[in-house]
Structures are given as C-alpha cells and as structure tokens.
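File shown here: start.pdb, holding PDB, C-alpha atoms, pLDDT in the B column.
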```pdb
ATOM      1  CA  VAL A  96      47.090  -5.835 -26.048  1.00 49.00           C
ATOM      2  CA  GLU A  97      47.747  -2.107 -26.154  1.00 55.00           C
ATOM      3  CA  SER A  98      45.267  -1.518 -28.994  1.00 60.00           C
ATOM      4  CA  SER A  99      42.517  -3.371 -27.092  1.00 61.00           C
ATOM      5  CA  VAL A 100      43.238  -1.222 -24.016  1.00 62.00           C
ATOM      6  CA  ASN A 101      43.078   1.924 -26.156  1.00 75.00           C
ATOM      7  CA  PHE A 102      39.804   0.753 -27.682  1.00 73.00           C
ATOM      8  CA  SER A 103      38.430  -0.003 -24.212  1.00 79.00           C
ATOM      9  CA  VAL A 104      39.410   3.467 -23.006  1.00 78.00           C
ATOM     10  CA  TYR A 105      37.865   5.001 -26.136  1.00 73.00           C
ATOM     11  CA  VAL A 106      34.603   3.095 -25.583  1.00 81.00           C
ATOM     12  CA  ARG A 107      34.505   4.158 -21.933  1.00 82.00           C
ATOM     13  CA  ILE A 108      35.195   7.815 -22.761  1.00 83.00           C
ATOM     14  CA  ASN A 109      32.592   7.744 -25.543  1.00 82.00           C
ATOM     15  CA  PHE A 110      30.037   6.193 -23.169  1.00 83.00           C
ATOM     16  CA  LEU A 111      30.746   8.782 -20.466  1.00 83.00           C
ATOM     17  CA  ALA A 112      30.446  11.623 -22.976  1.00 84.00           C
ATOM     18  CA  LYS A 113      27.060  10.324 -24.134  1.00 84.00           C
ATOM     19  CA  LEU A 114      25.961   9.806 -20.531  1.00 82.00           C
ATOM     20  CA  ASN A 115      26.937  13.390 -19.762  1.00 82.00           C
ATOM     21  CA  ILE A 116      24.833  14.634 -22.698  1.00 84.00           C
ATOM     22  CA  VAL A 117      21.838  12.601 -21.473  1.00 82.00           C
ATOM     23  CA  CYS A 118      22.262  13.979 -17.934  1.00 83.00           C
ATOM     24  CA  GLU A 119      22.463  17.543 -19.246  1.00 87.00           C
ATOM     25  CA  TYR A 120      19.317  16.965 -21.340  1.00 82.00           C
ATOM     26  CA  MET A 121      17.471  15.542 -18.323  1.00 87.00           C
ATOM     27  CA  ASN A 122      18.550  18.525 -16.225  1.00 88.00           C
ATOM     28  CA  ILE A 123      17.266  20.928 -18.891  1.00 93.00           C
ATOM     29  CA  ILE A 124      13.912  19.085 -18.976  1.00 94.00           C
ATOM     30  CA  PHE A 125      13.725  19.181 -15.156  1.00 94.00           C
ATOM     31  CA  LEU A 126      14.398  22.933 -15.099  1.00 95.00           C
ATOM     32  CA  GLN A 127      11.763  23.528 -17.789  1.00 96.00           C
ATOM     33  CA  CYS A 128       9.237  21.492 -15.785  1.00 97.00           C
ATOM     34  CA  LYS A 129      10.143  23.390 -12.625  1.00 97.00           C
ATOM     35  CA  GLU A 130       9.543  26.703 -14.381  1.00 97.00           C
ATOM     36  CA  ARG A 131       6.260  25.579 -15.969  1.00 97.00           C
ATOM     37  CA  MET A 132       4.944  24.262 -12.653  1.00 98.00           C
ATOM     38  CA  ARG A 133       5.917  27.368 -10.660  1.00 98.00           C
ATOM     39  CA  PRO A 134       2.309  28.705 -10.661  1.00 98.00           C
ATOM     40  CA  VAL A 135       1.186  25.598  -8.718  1.00 98.00           C
ATOM     41  CA  LYS A 136       4.232  25.388  -6.447  1.00 97.00           C
ATOM     42  CA  ALA A 137       2.097  25.658  -3.296  1.00 96.00           C
ATOM     43  CA  ALA A 138      -0.157  22.799  -4.423  1.00 96.00           C
ATOM     44  CA  LEU A 139       2.917  20.672  -5.189  1.00 96.00           C
ATOM     45  CA  LYS A 140       4.308  21.254  -1.694  1.00 94.00           C
ATOM     46  CA  GLN A 141       0.945  20.523  -0.063  1.00 92.00           C
ATOM     47  CA  LEU A 142       0.251  17.439  -2.177  1.00 89.00           C
ATOM     48  CA  ASP A 143       1.903  15.047   0.233  1.00 84.00           C
ATOM     49  CA  ARG A 144       1.606  17.203   3.377  1.00 81.00           C
ATOM     50  CA  PRO A 145      -1.995  17.973   4.301  1.00 74.00           C
ATOM     51  CA  GLU A 146      -2.590  20.150   7.357  1.00 78.00           C
ATOM     52  CA  LYS A 147      -2.389  18.496  10.754  1.00 83.00           C
ATOM     53  CA  GLY A 148      -5.644  17.781  12.539  1.00 85.00           C
ATOM     54  CA  LEU A 149      -7.633  16.914   9.426  1.00 87.00           C
ATOM     55  CA  SER A 150      -9.737  13.767   9.387  1.00 89.00           C
ATOM     56  CA  GLU A 151      -8.801  11.062   6.902  1.00 87.00           C
ATOM     57  CA  ARG A 152     -11.694  12.147   4.681  1.00 90.00           C
ATOM     58  CA  GLU A 153     -10.560  15.796   4.840  1.00 91.00           C
ATOM     59  CA  GLN A 154      -6.981  14.745   4.027  1.00 88.00           C
ATOM     60  CA  LEU A 155      -8.203  12.835   0.971  1.00 88.00           C
ATOM     61  CA  GLU A 156     -10.232  15.835  -0.178  1.00 92.00           C
ATOM     62  CA  HIS A 157      -7.226  18.123   0.358  1.00 92.00           C
ATOM     63  CA  THR A 158      -5.018  15.816  -1.730  1.00 91.00           C
ATOM     64  CA  ARG A 159      -7.738  15.571  -4.395  1.00 93.00           C
ATOM     65  CA  GLN A 160      -7.986  19.377  -4.632  1.00 95.00           C
ATOM     66  CA  CYS A 161      -4.199  19.733  -4.938  1.00 96.00           C
ATOM     67  CA  LEU A 162      -4.152  17.088  -7.662  1.00 96.00           C
ATOM     68  CA  ILE A 163      -6.951  18.821  -9.577  1.00 98.00           C
ATOM     69  CA  LYS A 164      -5.150  22.175  -9.388  1.00 98.00           C
ATOM     70  CA  ILE A 165      -1.890  20.577 -10.576  1.00 98.00           C
ATOM     71  CA  GLY A 166      -3.507  18.462 -13.292  1.00 98.00           C
ATOM     72  CA  ASP A 167      -5.553  21.375 -14.624  1.00 98.00           C
ATOM     73  CA  HIS A 168      -2.354  23.413 -14.823  1.00 98.00           C
ATOM     74  CA  ILE A 169      -0.615  20.622 -16.760  1.00 98.00           C
ATOM     75  CA  THR A 170      -3.584  20.523 -19.149  1.00 98.00           C
ATOM     76  CA  GLU A 171      -3.193  24.290 -19.679  1.00 98.00           C
ATOM     77  CA  CYS A 172       0.555  23.918 -20.303  1.00 97.00           C
ATOM     78  CA  LEU A 173      -0.091  21.270 -22.960  1.00 98.00           C
ATOM     79  CA  LYS A 174      -2.385  23.595 -24.938  1.00 97.00           C
ATOM     80  CA  GLU A 175       0.650  25.342 -26.421  1.00 95.00           C
ATOM     81  CA  TYR A 176       1.475  22.172 -28.384  1.00 96.00           C
ATOM     82  CA  THR A 177      -0.284  20.828 -31.463  1.00 96.00           C
ATOM     83  CA  ASN A 178       1.999  17.879 -32.201  1.00 97.00           C
ATOM     84  CA  PRO A 179       0.521  14.780 -30.463  1.00 97.00           C
ATOM     85  CA  GLU A 180       4.004  13.396 -29.755  1.00 97.00           C
ATOM     86  CA  GLN A 181       5.081  16.622 -28.048  1.00 97.00           C
ATOM     87  CA  ILE A 182       1.866  16.667 -26.018  1.00 98.00           C
ATOM     88  CA  LYS A 183       2.433  13.075 -24.926  1.00 97.00           C
ATOM     89  CA  GLN A 184       6.088  13.710 -24.042  1.00 96.00           C
ATOM     90  CA  TRP A 185       5.414  16.905 -22.080  1.00 97.00           C
ATOM     91  CA  ARG A 186       2.472  15.328 -20.243  1.00 98.00           C
ATOM     92  CA  LYS A 187       4.842  12.540 -19.205  1.00 97.00           C
ATOM     93  CA  ASN A 188       7.640  14.970 -18.249  1.00 97.00           C
ATOM     94  CA  LEU A 189       5.346  17.155 -16.147  1.00 98.00           C
ATOM     95  CA  TRP A 190       3.718  14.242 -14.293  1.00 98.00           C
ATOM     96  CA  ILE A 191       7.186  12.780 -13.616  1.00 96.00           C
ATOM     97  CA  PHE A 192       8.128  16.152 -12.126  1.00 97.00           C
ATOM     98  CA  VAL A 193       4.983  16.106  -9.946  1.00 97.00           C
ATOM     99  CA  SER A 194       5.854  12.581  -8.789  1.00 96.00           C
ATOM    100  CA  LYS A 195       8.980  13.997  -7.112  1.00 93.00           C
ATOM    101  CA  PHE A 196       6.663  15.553  -4.508  1.00 92.00           C
ATOM    102  CA  THR A 197       4.869  12.356  -3.471  1.00 92.00           C
ATOM    103  CA  GLU A 198       5.345   8.611  -3.119  1.00 91.00           C
ATOM    104  CA  PHE A 199       3.177   7.923  -6.189  1.00 92.00           C
ATOM    105  CA  ASP A 200       4.689   7.498  -9.632  1.00 94.00           C
ATOM    106  CA  ALA A 201       3.749   9.690 -12.598  1.00 96.00           C
ATOM    107  CA  ARG A 202       1.371   7.171 -14.164  1.00 96.00           C
ATOM    108  CA  LYS A 203      -0.545   6.685 -10.895  1.00 95.00           C
ATOM    109  CA  LEU A 204      -0.819  10.445 -10.310  1.00 96.00           C
ATOM    110  CA  HIS A 205      -2.165  11.029 -13.811  1.00 97.00           C
ATOM    111  CA  LYS A 206      -4.693   8.243 -13.303  1.00 96.00           C
ATOM    112  CA  LEU A 207      -5.754   9.704  -9.921  1.00 94.00           C
ATOM    113  CA  TYR A 208      -6.150  13.124 -11.527  1.00 97.00           C
ATOM    114  CA  LYS A 209      -8.335  11.749 -14.329  1.00 96.00           C
ATOM    115  CA  HIS A 210     -10.476   9.990 -11.718  1.00 95.00           C
ATOM    116  CA  ALA A 211     -10.686  13.155  -9.550  1.00 95.00           C
ATOM    117  CA  ILE A 212     -12.063  15.318 -12.366  1.00 94.00           C
ATOM    118  CA  LYS A 213     -14.874  12.910 -13.281  1.00 88.00           C
TER     119      LYS A 213
END
```
Rewrite the coordinates I just gave you, this time as structure tokens.
Amino acid sequence: VESSVNFSVYVRINFLAKLNIVCEYMNIIFLQCKERMRPVKAALKQLDRPEKGLSEREQLEHTRQCLIKIGDHITECLKEYTNPEQIKQWRKNLWIFVSKFTEFDARKLHKLYKHAIK
C-alpha cells in the first residue's frame, strides 16, 4: 500500500511540476504579446468601448477601424518570421491576446478583421 501511495504522490508532484512549466510558458507568451501589442494599446482598449452618443452605425465603424488598426499591426509583427509554423502560432497567440479585450474569441476577431479589410 505504501508504494502505491508513494507512486501516487510522485505522479501528482510530477503533474504539478509540468503544469507549473506550462503556466510559466503561457505567462511568457502573454507578456510577449502584451509588449508586441503596446503600439496599438489605445485601439485595444477602445475595441469594446466605443464613445458614448454614437449611433449604432458609427459604433460599428469605430469597432471596424480599431480592428483594422490592430489586425494591420499583427500583420506587421508577423513579418519578422519566415517559418510558416511560427507565423501561424504567433498569429494565433496575438489574436488570443486581442480577444481578452472583447467578448469575441480569437478566431472570430481574425475573421472580422479579414472581412473589414476587403
């Protein structure tokens, strides 16, 4: 019985150690995204909070302009990579970061951006 308890404790400790590494990695990615997106910080803050008193149409246009500014910045950030896998991963990371500022998920935001620039 004691050896199974020791094994169980070992498994739990090993799991927690790996979980801690994953959390640290995610925090590093978040901080890198935060730094990369600093030039469009104002647009991120305004993305979900258009000015009061705007008509619905004006609010949509405001959101569209914020999204274009943010998406264009992400596109610029991705130019430093040549590896398609890195480009894909950083595009995903950056849009996930943007999604923290609105109720839309990263995939939806990226789709809205692509539609806005057409």
Counting only C-alpha atoms, which of A:Leu189, A:Ala211, A:Ile182, A:Ile123 gets nearest to A:Cys161?
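That would be A:Ala211, the residue with the smallest distance to A:Cys161.
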Counting only C-alpha atoms, figure out which residue out of A:Tyr208, A:Phe196, A:Phe102, A:Phe110 gets nearest to A:His168.
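Of all the options, A:Tyr208 lies closest to A:His168.
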Could you tell me how far atom CA of A:Thr197 sits from atom CA of A:Cys172, in Å to one decimal place?
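Rounded to one decimal, the two atoms are 20.9 Å apart.
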Could you expand the PyMOL selection byres ((chain A and resi 185) around 10) into the explicit residues it covers here, written as a PyMOL selection string?
chain A and resi 124+128+169+172-173+176+179-184+186-191
Taking (1.2, 22.3, -1.3) in the file's coordinates as the center, which residues reach within 10 Å of it, counting all atoms listed in the file, put as an mmCIF file with C-alpha atoms, in the frame of the given file?
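File part18.cif, as written:
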```cif
data_model
loop_
_atom_site.group_PDB
_atom_site.id
_atom_site.type_symbol
_atom_site.label_atom_id
_atom_site.label_comp_id
_atom_site.auth_asym_id
_atom_site.auth_seq_id
_atom_site.Cartn_x
_atom_site.Cartn_y
_atom_site.Cartn_z
ATOM 1 C CA VAL A 135 1.186 25.598 -8.718
ATOM 2 C CA LYS A 136 4.232 25.388 -6.447
ATOM 3 C CA ALA A 137 2.097 25.658 -3.296
ATOM 4 C CA ALA A 138 -0.157 22.799 -4.423
ATOM 5 C CA LEU A 139 2.917 20.672 -5.189
ATOM 6 C CA LYS A 140 4.308 21.254 -1.694
ATOM 7 C CA GLN A 141 0.945 20.523 -0.063
ATOM 8 C CA LEU A 142 0.251 17.439 -2.177
ATOM 9 C CA ASP A 143 1.903 15.047 0.233
ATOM 10 C CA ARG A 144 1.606 17.203 3.377
ATOM 11 C CA PRO A 145 -1.995 17.973 4.301
ATOM 12 C CA GLU A 146 -2.590 20.150 7.357
ATOM 13 C CA HIS A 157 -7.226 18.123 0.358
ATOM 14 C CA THR A 158 -5.018 15.816 -1.730
ATOM 15 C CA CYS A 161 -4.199 19.733 -4.938
ATOM 16 C CA LEU A 162 -4.152 17.088 -7.662
ATOM 17 C CA ILE A 165 -1.890 20.577 -10.576
ATOM 18 C CA PHE A 196 6.663 15.553 -4.508
#
```
Quick one: everything within 10 Å of A:Lys209, counting all atoms listed in the file, minus sequence neighbours fewer than 3 positions away in the same chain. Send it as a PyMOL selection string.
chain A and resi 162-163+166+203-206+212-213
Suppose we keep C-alpha atoms; can you now write the selection as a PDB file, in the coordinates of the input?
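again.pdb was written with the following content:
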```
ATOM      1  CA  LEU A 162      -4.152  17.088  -7.662  1.00 96.00           C
ATOM      2  CA  ILE A 163      -6.951  18.821  -9.577  1.00 98.00           C
ATOM      3  CA  GLY A 166      -3.507  18.462 -13.292  1.00 98.00           C
ATOM      4  CA  LYS A 203      -0.545   6.685 -10.895  1.00 95.00           C
ATOM      5  CA  LEU A 204      -0.819  10.445 -10.310  1.00 96.00           C
ATOM      6  CA  HIS A 205      -2.165  11.029 -13.811  1.00 97.00           C
ATOM      7  CA  LYS A 206      -4.693   8.243 -13.303  1.00 96.00           C
ATOM      8  CA  ILE A 212     -12.063  15.318 -12.366  1.00 94.00           C
ATOM      9  CA  LYS A 213     -14.874  12.910 -13.281  1.00 88.00           C
TER      10      LYS A 213
END
```
Which value, in Å to one decimal, gives the distance between atom CA of A:Val193 and atom CA of A:Leu207?
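Going from atom CA of A:Val193 over to atom CA of A:Leu207 covers 12.5 Å.
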